[in-house]
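Q: Below are the structure tokens for one structure; questions will follow.
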Amino acid sequence: MARTRVGVVQGITAAVILMVMGQQAAAADLVQAASVPEVGVLASDEGDLASDEGDLASDEGDLASEWTSPWQIRLRGLGIITQDSGYVNGVPGSDLSYSGSVVPELDITYFFTDNIATELVLATTRANIYGEGAVGGLGNIGTVWMLPPTLTLQYHFTDFGAFKPYVGAGVNYTMFFNQDAGSADALKVKNTFGTALQVGFDYMVDEHWGINFDVKKLFLKPDFDVTVAGAKLNGKAELDPWLIGAGVTYRF
């Protein structure tokens, strides 16, 4: 009887030991199974990150290689069409008109980014000033030369392939020189600041060369002093010209 009890106890003890060992082995297998996919996922994530970094480097390379230089120049023929308006102070019904002209024009553009640029416009022209209305009998009051450098900040649209439209706005400072009186005894048109609006486009025929069309509106109203028959007068010349240009573009 005692032997039987001892045998039962030994059997139970052995069974418990086997169960504990089996549970430990199963737990070890579970830990090992869980750890293997984590290593695989980590390696996959690292691979994806490396791929993303490669794509980013490729994109940056493509962007940097689109243009080799931020500088661009244009040479245009420029038509200048002024607004025929103005007045002489103290002379009711007085009016003024001005001659238009066509001149060569150079502009220099610097690109801060593919979209943002600044443009400096350089041109000079001559204008005749005519009396109109109550002062129409004066005819050609005088002739002046103008140098109106204009600086604009531009936004260039880049989603249309070779067709590259842009808009801009900026400031103008017009200097008047070589002023000659006509029917007047003396004429002095004063230098002045103005503002400018701009719209245009380039059509690039290859990496460097393109065709340009550009329209600017200057808001320009200089004051002037004039002497007629010994009488000293003053007034305002409301020029407000349109600048319409077409020419060639070269991107460095």
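Each chain of the structure tokens is named A, B, ... in the order shown, its residues numbered from 1; ligands are numbered from 1 in display order.
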Please, which residues of segment 29-237 of chain A, numbered as in this document, come out strand (DSSP E or B) from DSSP, as an mmCIF file with N, CA and C atoms, in the first residue's frame?
A:
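Writing done, so here's part.cif:
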```cif
data_model
loop_
_atom_site.group_PDB
_atom_site.id
_atom_site.type_symbol
_atom_site.label_atom_id
_atom_site.label_comp_id
_atom_site.auth_asym_id
_atom_site.auth_seq_id
_atom_site.Cartn_x
_atom_site.Cartn_y
_atom_site.Cartn_z
ATOM 1 N N TRP A 71 20.752 84.147 -63.143
ATOM 2 C CA TRP A 71 20.739 85.388 -63.909
ATOM 3 C C TRP A 71 20.061 85.205 -65.270
ATOM 4 N N GLN A 72 19.331 86.240 -65.662
ATOM 5 C CA GLN A 72 18.658 86.255 -66.964
ATOM 6 C C GLN A 72 18.659 87.684 -67.494
ATOM 7 N N ILE A 73 18.809 87.834 -68.807
ATOM 8 C CA ILE A 73 18.719 89.152 -69.430
ATOM 9 C C ILE A 73 17.724 89.098 -70.584
ATOM 10 N N ARG A 74 17.172 90.256 -70.902
ATOM 11 C CA ARG A 74 16.274 90.376 -72.054
ATOM 12 C C ARG A 74 16.636 91.643 -72.825
ATOM 13 N N LEU A 75 16.502 91.568 -74.125
ATOM 14 C CA LEU A 75 16.646 92.736 -74.989
ATOM 15 C C LEU A 75 15.347 92.865 -75.767
ATOM 16 N N ARG A 76 14.696 94.031 -75.602
ATOM 17 C CA ARG A 76 13.367 94.200 -76.177
ATOM 18 C C ARG A 76 13.289 95.503 -76.971
ATOM 19 N N GLY A 77 12.370 95.537 -77.928
ATOM 20 C CA GLY A 77 11.904 96.784 -78.490
ATOM 21 C C GLY A 77 10.723 97.241 -77.657
ATOM 22 N N LEU A 78 10.742 98.511 -77.237
ATOM 23 C CA LEU A 78 9.776 98.995 -76.264
ATOM 24 C C LEU A 78 8.977 100.162 -76.831
ATOM 25 N N GLY A 79 7.671 100.000 -76.895
ATOM 26 C CA GLY A 79 6.790 101.089 -77.286
ATOM 27 C C GLY A 79 6.269 101.807 -76.053
ATOM 28 N N ILE A 80 6.393 103.144 -76.045
ATOM 29 C CA ILE A 80 5.975 103.942 -74.888
ATOM 30 C C ILE A 80 4.768 104.778 -75.296
ATOM 31 N N ILE A 81 3.646 104.534 -74.650
ATOM 32 C CA ILE A 81 2.393 105.224 -74.954
ATOM 33 C C ILE A 81 1.960 105.978 -73.702
ATOM 34 N N SER A 85 -2.516 113.891 -70.474
ATOM 35 C CA SER A 85 -3.223 114.619 -69.426
ATOM 36 C C SER A 85 -2.225 115.426 -68.605
ATOM 37 N N GLY A 86 -2.714 116.483 -67.994
ATOM 38 C CA GLY A 86 -1.891 117.347 -67.163
ATOM 39 C C GLY A 86 -2.535 118.717 -67.072
ATOM 40 N N TYR A 87 -1.875 119.610 -66.372
ATOM 41 C CA TYR A 87 -2.456 120.949 -66.223
ATOM 42 C C TYR A 87 -1.393 121.938 -65.774
ATOM 43 N N VAL A 88 -1.707 123.213 -66.029
ATOM 44 C CA VAL A 88 -0.904 124.321 -65.529
ATOM 45 C C VAL A 88 -1.704 124.976 -64.411
ATOM 46 N N SER A 94 -6.615 124.280 -68.859
ATOM 47 C CA SER A 94 -5.321 123.901 -69.457
ATOM 48 C C SER A 94 -5.179 122.387 -69.476
ATOM 49 N N ASP A 95 -4.462 121.879 -70.462
ATOM 50 C CA ASP A 95 -4.239 120.442 -70.603
ATOM 51 C C ASP A 95 -2.898 120.244 -71.302
ATOM 52 N N LEU A 96 -2.395 119.030 -71.279
ATOM 53 C CA LEU A 96 -1.107 118.710 -71.886
ATOM 54 C C LEU A 96 -1.202 117.385 -72.630
ATOM 55 N N SER A 97 -0.344 117.212 -73.621
ATOM 56 C CA SER A 97 -0.185 115.920 -74.307
ATOM 57 C C SER A 97 1.295 115.703 -74.565
ATOM 58 N N TYR A 98 1.641 114.446 -74.914
ATOM 59 C CA TYR A 98 3.055 114.073 -75.029
ATOM 60 C C TYR A 98 3.228 113.134 -76.214
ATOM 61 N N SER A 101 7.005 107.002 -78.279
ATOM 62 C CA SER A 101 8.271 106.625 -78.916
ATOM 63 C C SER A 101 8.448 105.116 -78.873
ATOM 64 N N VAL A 102 9.395 104.635 -79.675
ATOM 65 C CA VAL A 102 9.812 103.233 -79.661
ATOM 66 C C VAL A 102 11.324 103.217 -79.473
ATOM 67 N N VAL A 103 11.784 102.520 -78.436
ATOM 68 C CA VAL A 103 13.207 102.548 -78.086
ATOM 69 C C VAL A 103 13.675 101.132 -77.736
ATOM 70 N N PRO A 104 14.996 100.885 -77.788
ATOM 71 C CA PRO A 104 15.524 99.611 -77.280
ATOM 72 C C PRO A 104 15.537 99.615 -75.758
ATOM 73 N N GLU A 105 15.404 98.440 -75.191
ATOM 74 C CA GLU A 105 15.350 98.338 -73.728
ATOM 75 C C GLU A 105 16.065 97.076 -73.266
ATOM 76 N N LEU A 106 16.810 97.189 -72.173
ATOM 77 C CA LEU A 106 17.526 96.071 -71.571
ATOM 78 C C LEU A 106 16.975 95.847 -70.171
ATOM 79 N N ASP A 107 16.727 94.584 -69.834
ATOM 80 C CA ASP A 107 16.399 94.305 -68.435
ATOM 81 C C ASP A 107 17.244 93.151 -67.925
ATOM 82 N N ILE A 108 17.519 93.207 -66.634
ATOM 83 C CA ILE A 108 18.343 92.213 -65.951
ATOM 84 C C ILE A 108 17.491 91.598 -64.841
ATOM 85 N N THR A 109 17.410 90.267 -64.825
ATOM 86 C CA THR A 109 16.565 89.562 -63.851
ATOM 87 C C THR A 109 17.424 88.633 -63.015
ATOM 88 N N TYR A 110 17.142 88.608 -61.705
ATOM 89 C CA TYR A 110 17.810 87.675 -60.797
ATOM 90 C C TYR A 110 16.736 86.828 -60.108
ATOM 91 N N PHE A 111 16.880 85.492 -60.191
ATOM 92 C CA PHE A 111 15.925 84.555 -59.602
ATOM 93 C C PHE A 111 16.403 84.124 -58.212
ATOM 94 N N ILE A 116 10.309 83.164 -57.650
ATOM 95 C CA ILE A 116 10.459 84.539 -57.197
ATOM 96 C C ILE A 116 11.709 85.161 -57.822
ATOM 97 N N ALA A 117 11.523 86.332 -58.444
ATOM 98 C CA ALA A 117 12.636 87.009 -59.101
ATOM 99 C C ALA A 117 12.468 88.519 -58.967
ATOM 100 N N THR A 118 13.545 89.246 -59.217
ATOM 101 C CA THR A 118 13.486 90.696 -59.287
ATOM 102 C C THR A 118 14.074 91.134 -60.630
ATOM 103 N N GLU A 119 13.484 92.182 -61.210
ATOM 104 C CA GLU A 119 13.873 92.633 -62.544
ATOM 105 C C GLU A 119 14.172 94.133 -62.522
ATOM 106 N N LEU A 120 15.283 94.518 -63.131
ATOM 107 C CA LEU A 120 15.640 95.925 -63.299
ATOM 108 C C LEU A 120 15.545 96.264 -64.781
ATOM 109 N N VAL A 121 14.730 97.278 -65.095
ATOM 110 C CA VAL A 121 14.484 97.693 -66.478
ATOM 111 C C VAL A 121 15.264 98.975 -66.760
ATOM 112 N N LEU A 122 16.012 98.983 -67.866
ATOM 113 C CA LEU A 122 16.823 100.138 -68.236
ATOM 114 C C LEU A 122 16.485 100.563 -69.657
ATOM 115 N N THR A 125 14.336 107.573 -73.223
ATOM 116 C CA THR A 125 13.529 108.029 -74.335
ATOM 117 C C THR A 125 13.365 109.546 -74.287
ATOM 118 N N ARG A 126 12.918 110.108 -75.402
ATOM 119 C CA ARG A 126 12.664 111.541 -75.489
ATOM 120 C C ARG A 126 11.173 111.777 -75.684
ATOM 121 N N ALA A 127 10.671 112.855 -75.107
ATOM 122 C CA ALA A 127 9.243 113.179 -75.239
ATOM 123 C C ALA A 127 9.076 114.674 -75.488
ATOM 124 N N ASN A 128 8.188 115.000 -76.424
ATOM 125 C CA ASN A 128 7.776 116.384 -76.643
ATOM 126 C C ASN A 128 6.542 116.662 -75.790
ATOM 127 N N ILE A 129 6.484 117.857 -75.227
ATOM 128 C CA ILE A 129 5.352 118.263 -74.396
ATOM 129 C C ILE A 129 4.569 119.333 -75.149
ATOM 130 N N TYR A 130 3.271 119.100 -75.337
ATOM 131 C CA TYR A 130 2.424 120.020 -76.108
ATOM 132 C C TYR A 130 1.345 120.630 -75.210
ATOM 133 N N GLY A 131 1.080 121.912 -75.435
ATOM 134 C CA GLY A 131 -0.030 122.549 -74.760
ATOM 135 C C GLY A 131 -1.348 122.162 -75.409
ATOM 136 N N GLU A 132 -2.367 121.939 -74.589
ATOM 137 C CA GLU A 132 -3.700 121.592 -75.073
ATOM 138 C C GLU A 132 -4.731 122.429 -74.315
ATOM 139 N N GLY A 133 -5.939 122.453 -74.813
ATOM 140 C CA GLY A 133 -6.996 123.197 -74.141
ATOM 141 C C GLY A 133 -6.684 124.674 -74.124
ATOM 142 N N ASN A 140 4.310 123.244 -79.147
ATOM 143 C CA ASN A 140 5.365 122.459 -78.502
ATOM 144 C C ASN A 140 6.023 123.303 -77.412
ATOM 145 N N ILE A 141 5.671 123.003 -76.165
ATOM 146 C CA ILE A 141 6.216 123.763 -75.033
ATOM 147 C C ILE A 141 7.698 123.472 -74.847
ATOM 148 N N GLY A 142 8.087 122.215 -75.056
ATOM 149 C CA GLY A 142 9.491 121.855 -74.897
ATOM 150 C C GLY A 142 9.704 120.366 -75.082
ATOM 151 N N THR A 143 10.959 119.946 -74.989
ATOM 152 C CA THR A 143 11.359 118.552 -75.172
ATOM 153 C C THR A 143 12.232 118.125 -73.997
ATOM 154 N N VAL A 144 11.993 116.915 -73.496
ATOM 155 C CA VAL A 144 12.797 116.385 -72.397
ATOM 156 C C VAL A 144 13.218 114.950 -72.708
ATOM 157 N N TRP A 145 14.352 114.556 -72.156
ATOM 158 C CA TRP A 145 14.780 113.157 -72.163
ATOM 159 C C TRP A 145 14.476 112.559 -70.797
ATOM 160 N N MET A 146 14.096 111.274 -70.799
ATOM 161 C CA MET A 146 13.742 110.586 -69.550
ATOM 162 C C MET A 146 14.559 109.303 -69.408
ATOM 163 N N LEU A 147 15.014 109.064 -68.189
ATOM 164 C CA LEU A 147 15.623 107.778 -67.828
ATOM 165 C C LEU A 147 14.796 107.215 -66.679
ATOM 166 N N THR A 150 13.260 101.008 -63.560
ATOM 167 C CA THR A 150 12.121 100.424 -62.845
ATOM 168 C C THR A 150 12.534 99.082 -62.256
ATOM 169 N N LEU A 151 12.285 98.905 -60.974
ATOM 170 C CA LEU A 151 12.627 97.660 -60.279
ATOM 171 C C LEU A 151 11.337 96.984 -59.837
ATOM 172 N N THR A 152 11.121 95.740 -60.289
ATOM 173 C CA THR A 152 9.910 95.007 -59.933
ATOM 174 C C THR A 152 10.254 93.690 -59.239
ATOM 175 N N LEU A 153 9.351 93.251 -58.393
ATOM 176 C CA LEU A 153 9.414 91.918 -57.792
ATOM 177 C C LEU A 153 8.397 91.065 -58.528
ATOM 178 N N GLN A 154 8.842 89.904 -59.025
ATOM 179 C CA GLN A 154 8.015 89.098 -59.916
ATOM 180 C C GLN A 154 7.689 87.728 -59.316
ATOM 181 N N TYR A 155 6.545 87.195 -59.733
ATOM 182 C CA TYR A 155 6.212 85.791 -59.475
ATOM 183 C C TYR A 155 6.093 85.091 -60.824
ATOM 184 N N HIS A 156 6.893 84.027 -61.015
ATOM 185 C CA HIS A 156 6.911 83.267 -62.264
ATOM 186 C C HIS A 156 6.178 81.938 -62.057
ATOM 187 N N PHE A 163 6.223 77.490 -71.749
ATOM 188 C CA PHE A 163 5.491 78.751 -71.588
ATOM 189 C C PHE A 163 5.565 79.165 -70.123
ATOM 190 N N LYS A 164 6.183 80.331 -69.852
ATOM 191 C CA LYS A 164 6.458 80.742 -68.478
ATOM 192 C C LYS A 164 5.922 82.159 -68.230
ATOM 193 N N PRO A 165 4.656 82.276 -67.857
ATOM 194 C CA PRO A 165 4.085 83.595 -67.570
ATOM 195 C C PRO A 165 4.539 84.116 -66.212
ATOM 196 N N TYR A 166 4.420 85.428 -66.036
ATOM 197 C CA TYR A 166 4.800 86.048 -64.767
ATOM 198 C C TYR A 166 4.004 87.334 -64.561
ATOM 199 N N VAL A 167 3.933 87.761 -63.305
ATOM 200 C CA VAL A 167 3.345 89.043 -62.929
ATOM 201 C C VAL A 167 4.326 89.733 -61.995
ATOM 202 N N GLY A 168 4.222 91.061 -61.921
ATOM 203 C CA GLY A 168 5.142 91.789 -61.075
ATOM 204 C C GLY A 168 4.595 93.140 -60.654
ATOM 205 N N ALA A 169 5.228 93.708 -59.633
ATOM 206 C CA ALA A 169 4.902 95.047 -59.166
ATOM 207 C C ALA A 169 6.162 95.645 -58.569
ATOM 208 N N GLY A 170 6.295 96.971 -58.675
ATOM 209 C CA GLY A 170 7.507 97.568 -58.153
ATOM 210 C C GLY A 170 7.486 99.079 -58.145
ATOM 211 N N VAL A 171 8.683 99.661 -58.126
ATOM 212 C CA VAL A 171 8.850 101.103 -58.023
ATOM 213 C C VAL A 171 9.662 101.615 -59.207
ATOM 214 N N ASN A 172 9.461 102.901 -59.475
ATOM 215 C CA ASN A 172 10.138 103.567 -60.582
ATOM 216 C C ASN A 172 10.662 104.914 -60.093
ATOM 217 N N TYR A 173 11.850 105.280 -60.588
ATOM 218 C CA TYR A 173 12.368 106.633 -60.334
ATOM 219 C C TYR A 173 12.777 107.205 -61.685
ATOM 220 N N THR A 174 12.086 108.238 -62.111
ATOM 221 C CA THR A 174 12.330 108.811 -63.430
ATOM 222 C C THR A 174 13.133 110.101 -63.312
ATOM 223 N N MET A 175 14.226 110.145 -64.056
ATOM 224 C CA MET A 175 15.089 111.332 -64.112
ATOM 225 C C MET A 175 14.899 112.017 -65.463
ATOM 226 N N PHE A 176 14.743 113.324 -65.445
ATOM 227 C CA PHE A 176 14.557 114.126 -66.656
ATOM 228 C C PHE A 176 15.831 114.939 -66.910
ATOM 229 N N PHE A 177 16.319 114.888 -68.149
ATOM 230 C CA PHE A 177 17.566 115.582 -68.472
ATOM 231 C C PHE A 177 17.496 116.107 -69.901
ATOM 232 N N ASN A 178 18.503 116.907 -70.255
ATOM 233 C CA ASN A 178 18.535 117.537 -71.588
ATOM 234 C C ASN A 178 17.187 118.178 -71.925
ATOM 235 N N GLN A 179 16.732 119.045 -71.039
ATOM 236 C CA GLN A 179 15.423 119.673 -71.201
ATOM 237 C C GLN A 179 15.577 120.971 -72.008
ATOM 238 N N ASP A 180 14.875 121.022 -73.122
ATOM 239 C CA ASP A 180 14.951 122.190 -74.014
ATOM 240 C C ASP A 180 13.578 122.826 -74.144
ATOM 241 N N ALA A 181 13.504 124.132 -73.920
ATOM 242 C CA ALA A 181 12.251 124.849 -74.072
ATOM 243 C C ALA A 181 11.947 125.043 -75.548
ATOM 244 N N ALA A 186 11.443 128.854 -70.591
ATOM 245 C CA ALA A 186 12.233 127.901 -69.811
ATOM 246 C C ALA A 186 11.312 126.770 -69.359
ATOM 247 N N LEU A 187 11.891 125.603 -69.215
ATOM 248 C CA LEU A 187 11.122 124.419 -68.809
ATOM 249 C C LEU A 187 11.978 123.550 -67.892
ATOM 250 N N LYS A 188 11.396 123.134 -66.779
ATOM 251 C CA LYS A 188 12.077 122.255 -65.840
ATOM 252 C C LYS A 188 11.091 121.220 -65.318
ATOM 253 N N VAL A 189 11.195 119.962 -65.804
ATOM 254 C CA VAL A 189 10.395 118.850 -65.290
ATOM 255 C C VAL A 189 11.201 118.175 -64.186
ATOM 256 N N THR A 192 11.052 112.301 -60.257
ATOM 257 C CA THR A 192 9.983 111.832 -59.374
ATOM 258 C C THR A 192 9.952 110.313 -59.257
ATOM 259 N N PHE A 193 9.362 109.837 -58.165
ATOM 260 C CA PHE A 193 9.110 108.410 -57.968
ATOM 261 C C PHE A 193 7.737 108.047 -58.541
ATOM 262 N N GLY A 194 7.609 106.787 -58.913
ATOM 263 C CA GLY A 194 6.329 106.257 -59.355
ATOM 264 C C GLY A 194 6.233 104.788 -58.984
ATOM 265 N N THR A 195 5.107 104.185 -59.312
ATOM 266 C CA THR A 195 4.910 102.753 -59.093
ATOM 267 C C THR A 195 4.671 102.062 -60.430
ATOM 268 N N ALA A 196 4.804 100.737 -60.434
ATOM 269 C CA ALA A 196 4.690 99.975 -61.681
ATOM 270 C C ALA A 196 3.973 98.655 -61.450
ATOM 271 N N LEU A 197 3.157 98.260 -62.422
ATOM 272 C CA LEU A 197 2.552 96.933 -62.486
ATOM 273 C C LEU A 197 3.027 96.266 -63.774
ATOM 274 N N GLN A 198 3.093 94.949 -63.774
ATOM 275 C CA GLN A 198 3.704 94.232 -64.892
ATOM 276 C C GLN A 198 3.053 92.873 -65.100
ATOM 277 N N VAL A 199 2.934 92.476 -66.374
ATOM 278 C CA VAL A 199 2.520 91.125 -66.727
ATOM 279 C C VAL A 199 3.228 90.753 -68.021
ATOM 280 N N GLY A 200 3.602 89.494 -68.150
ATOM 281 C CA GLY A 200 4.302 89.075 -69.366
ATOM 282 C C GLY A 200 4.547 87.581 -69.382
ATOM 283 N N PHE A 201 5.296 87.133 -70.385
ATOM 284 C CA PHE A 201 5.652 85.714 -70.450
ATOM 285 C C PHE A 201 6.936 85.538 -71.254
ATOM 286 N N ASP A 202 7.628 84.453 -70.948
ATOM 287 C CA ASP A 202 8.730 83.946 -71.767
ATOM 288 C C ASP A 202 8.280 82.624 -72.381
ATOM 289 N N TYR A 203 8.654 82.419 -73.635
ATOM 290 C CA TYR A 203 8.473 81.103 -74.247
ATOM 291 C C TYR A 203 9.865 80.595 -74.595
ATOM 292 N N MET A 204 10.335 79.595 -73.829
ATOM 293 C CA MET A 204 11.707 79.109 -73.981
ATOM 294 C C MET A 204 11.792 78.107 -75.130
ATOM 295 N N TRP A 209 17.615 80.104 -74.560
ATOM 296 C CA TRP A 209 17.005 81.152 -75.362
ATOM 297 C C TRP A 209 15.482 81.079 -75.317
ATOM 298 N N GLY A 210 14.871 82.265 -75.343
ATOM 299 C CA GLY A 210 13.423 82.328 -75.359
ATOM 300 C C GLY A 210 12.926 83.606 -76.013
ATOM 301 N N ILE A 211 11.617 83.668 -76.201
ATOM 302 C CA ILE A 211 10.937 84.842 -76.745
ATOM 303 C C ILE A 211 10.118 85.464 -75.625
ATOM 304 N N ASN A 212 10.152 86.792 -75.531
ATOM 305 C CA ASN A 212 9.482 87.481 -74.436
ATOM 306 C C ASN A 212 8.474 88.508 -74.939
ATOM 307 N N PHE A 213 7.362 88.609 -74.213
ATOM 308 C CA PHE A 213 6.397 89.690 -74.407
ATOM 309 C C PHE A 213 6.045 90.238 -73.035
ATOM 310 N N ASP A 214 6.033 91.567 -72.903
ATOM 311 C CA ASP A 214 5.909 92.175 -71.585
ATOM 312 C C ASP A 214 5.119 93.478 -71.675
ATOM 313 N N VAL A 215 4.246 93.706 -70.692
ATOM 314 C CA VAL A 215 3.480 94.952 -70.602
ATOM 315 C C VAL A 215 3.621 95.509 -69.194
ATOM 316 N N LYS A 216 3.978 96.798 -69.119
ATOM 317 C CA LYS A 216 4.068 97.484 -67.830
ATOM 318 C C LYS A 216 3.200 98.735 -67.872
ATOM 319 N N LYS A 217 2.675 99.075 -66.702
ATOM 320 C CA LYS A 217 1.954 100.319 -66.523
ATOM 321 C C LYS A 217 2.658 101.109 -65.425
ATOM 322 N N LEU A 218 3.181 102.291 -65.795
ATOM 323 C CA LEU A 218 3.824 103.159 -64.818
ATOM 324 C C LEU A 218 2.843 104.241 -64.391
ATOM 325 N N PHE A 219 2.823 104.516 -63.107
ATOM 326 C CA PHE A 219 2.015 105.605 -62.580
ATOM 327 C C PHE A 219 2.976 106.743 -62.240
ATOM 328 N N ASP A 223 6.018 116.917 -61.337
ATOM 329 C CA ASP A 223 5.739 118.346 -61.320
ATOM 330 C C ASP A 223 6.699 119.056 -62.280
ATOM 331 N N PHE A 224 6.303 120.240 -62.744
ATOM 332 C CA PHE A 224 7.187 121.004 -63.629
ATOM 333 C C PHE A 224 7.053 122.498 -63.354
ATOM 334 N N ASP A 225 8.109 123.228 -63.685
ATOM 335 C CA ASP A 225 8.113 124.686 -63.691
ATOM 336 C C ASP A 225 8.298 125.137 -65.130
ATOM 337 N N VAL A 226 7.563 126.181 -65.524
ATOM 338 C CA VAL A 226 7.659 126.684 -66.892
ATOM 339 C C VAL A 226 7.546 128.210 -66.860
ATOM 340 N N THR A 227 8.289 128.841 -67.737
ATOM 341 C CA THR A 227 8.212 130.290 -67.881
ATOM 342 C C THR A 227 7.711 130.606 -69.286
ATOM 343 N N VAL A 228 6.602 131.340 -69.362
ATOM 344 C CA VAL A 228 5.996 131.700 -70.649
ATOM 345 C C VAL A 228 5.788 133.214 -70.679
ATOM 346 N N ALA A 231 6.250 135.032 -67.546
ATOM 347 C CA ALA A 231 5.435 134.619 -66.397
ATOM 348 C C ALA A 231 5.878 133.225 -65.928
ATOM 349 N N LYS A 232 6.179 133.112 -64.638
ATOM 350 C CA LYS A 232 6.615 131.836 -64.080
ATOM 351 C C LYS A 232 5.391 131.054 -63.597
ATOM 352 N N LEU A 233 5.234 129.881 -64.149
ATOM 353 C CA LEU A 233 4.102 129.022 -63.836
ATOM 354 C C LEU A 233 4.603 127.644 -63.412
ATOM 355 N N ASN A 234 3.693 126.856 -62.881
ATOM 356 C CA ASN A 234 4.025 125.465 -62.551
ATOM 357 C C ASN A 234 2.791 124.604 -62.766
ATOM 358 N N GLY A 235 3.005 123.302 -62.755
ATOM 359 C CA GLY A 235 1.890 122.387 -62.978
ATOM 360 C C GLY A 235 2.309 120.949 -62.802
ATOM 361 N N LYS A 236 1.494 120.045 -63.309
ATOM 362 C CA LYS A 236 1.760 118.602 -63.190
ATOM 363 C C LYS A 236 1.532 117.937 -64.539
ATOM 364 N N ALA A 237 2.506 117.113 -64.937
ATOM 365 C CA ALA A 237 2.407 116.332 -66.175
ATOM 366 C C ALA A 237 2.000 114.909 -65.807
#
```
Q: Please determine, counting only C-alpha atoms, which residue among A:Val205, A:Val135, A:Ala246, A:Ala229 has the shortest atom-to-atom distance to Gly161 of chain A.
A: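 Of the candidates, the smallest distance to Gly161 of chain A is held by A:Val205.
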Q: Using only C-alpha atoms, which of A:Gly230, A:Pro222, A:Gly139, A:Pro241 sits nearest Asp185 of chain A?
A: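 Among the listed residues, A:Gly230 lies closest to Asp185 of chain A.
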Q: Report, in Å to a single decimal, how far apart atom CA of Lys221 of chain A and atom CA of Glu238 of chain A are.
A: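 Atom CA of Lys221 of chain A lies 4.5 Å from atom CA of Glu238 of chain A.
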Q: Which distance in Å separates atom CA of Gln83 of chain A and atom CA of Leu138 of chain A, to one decimal?
A: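 So the two atoms, atom CA of Gln83 of chain A and atom CA of Leu138 of chain A, lie 19.2 Å apart.
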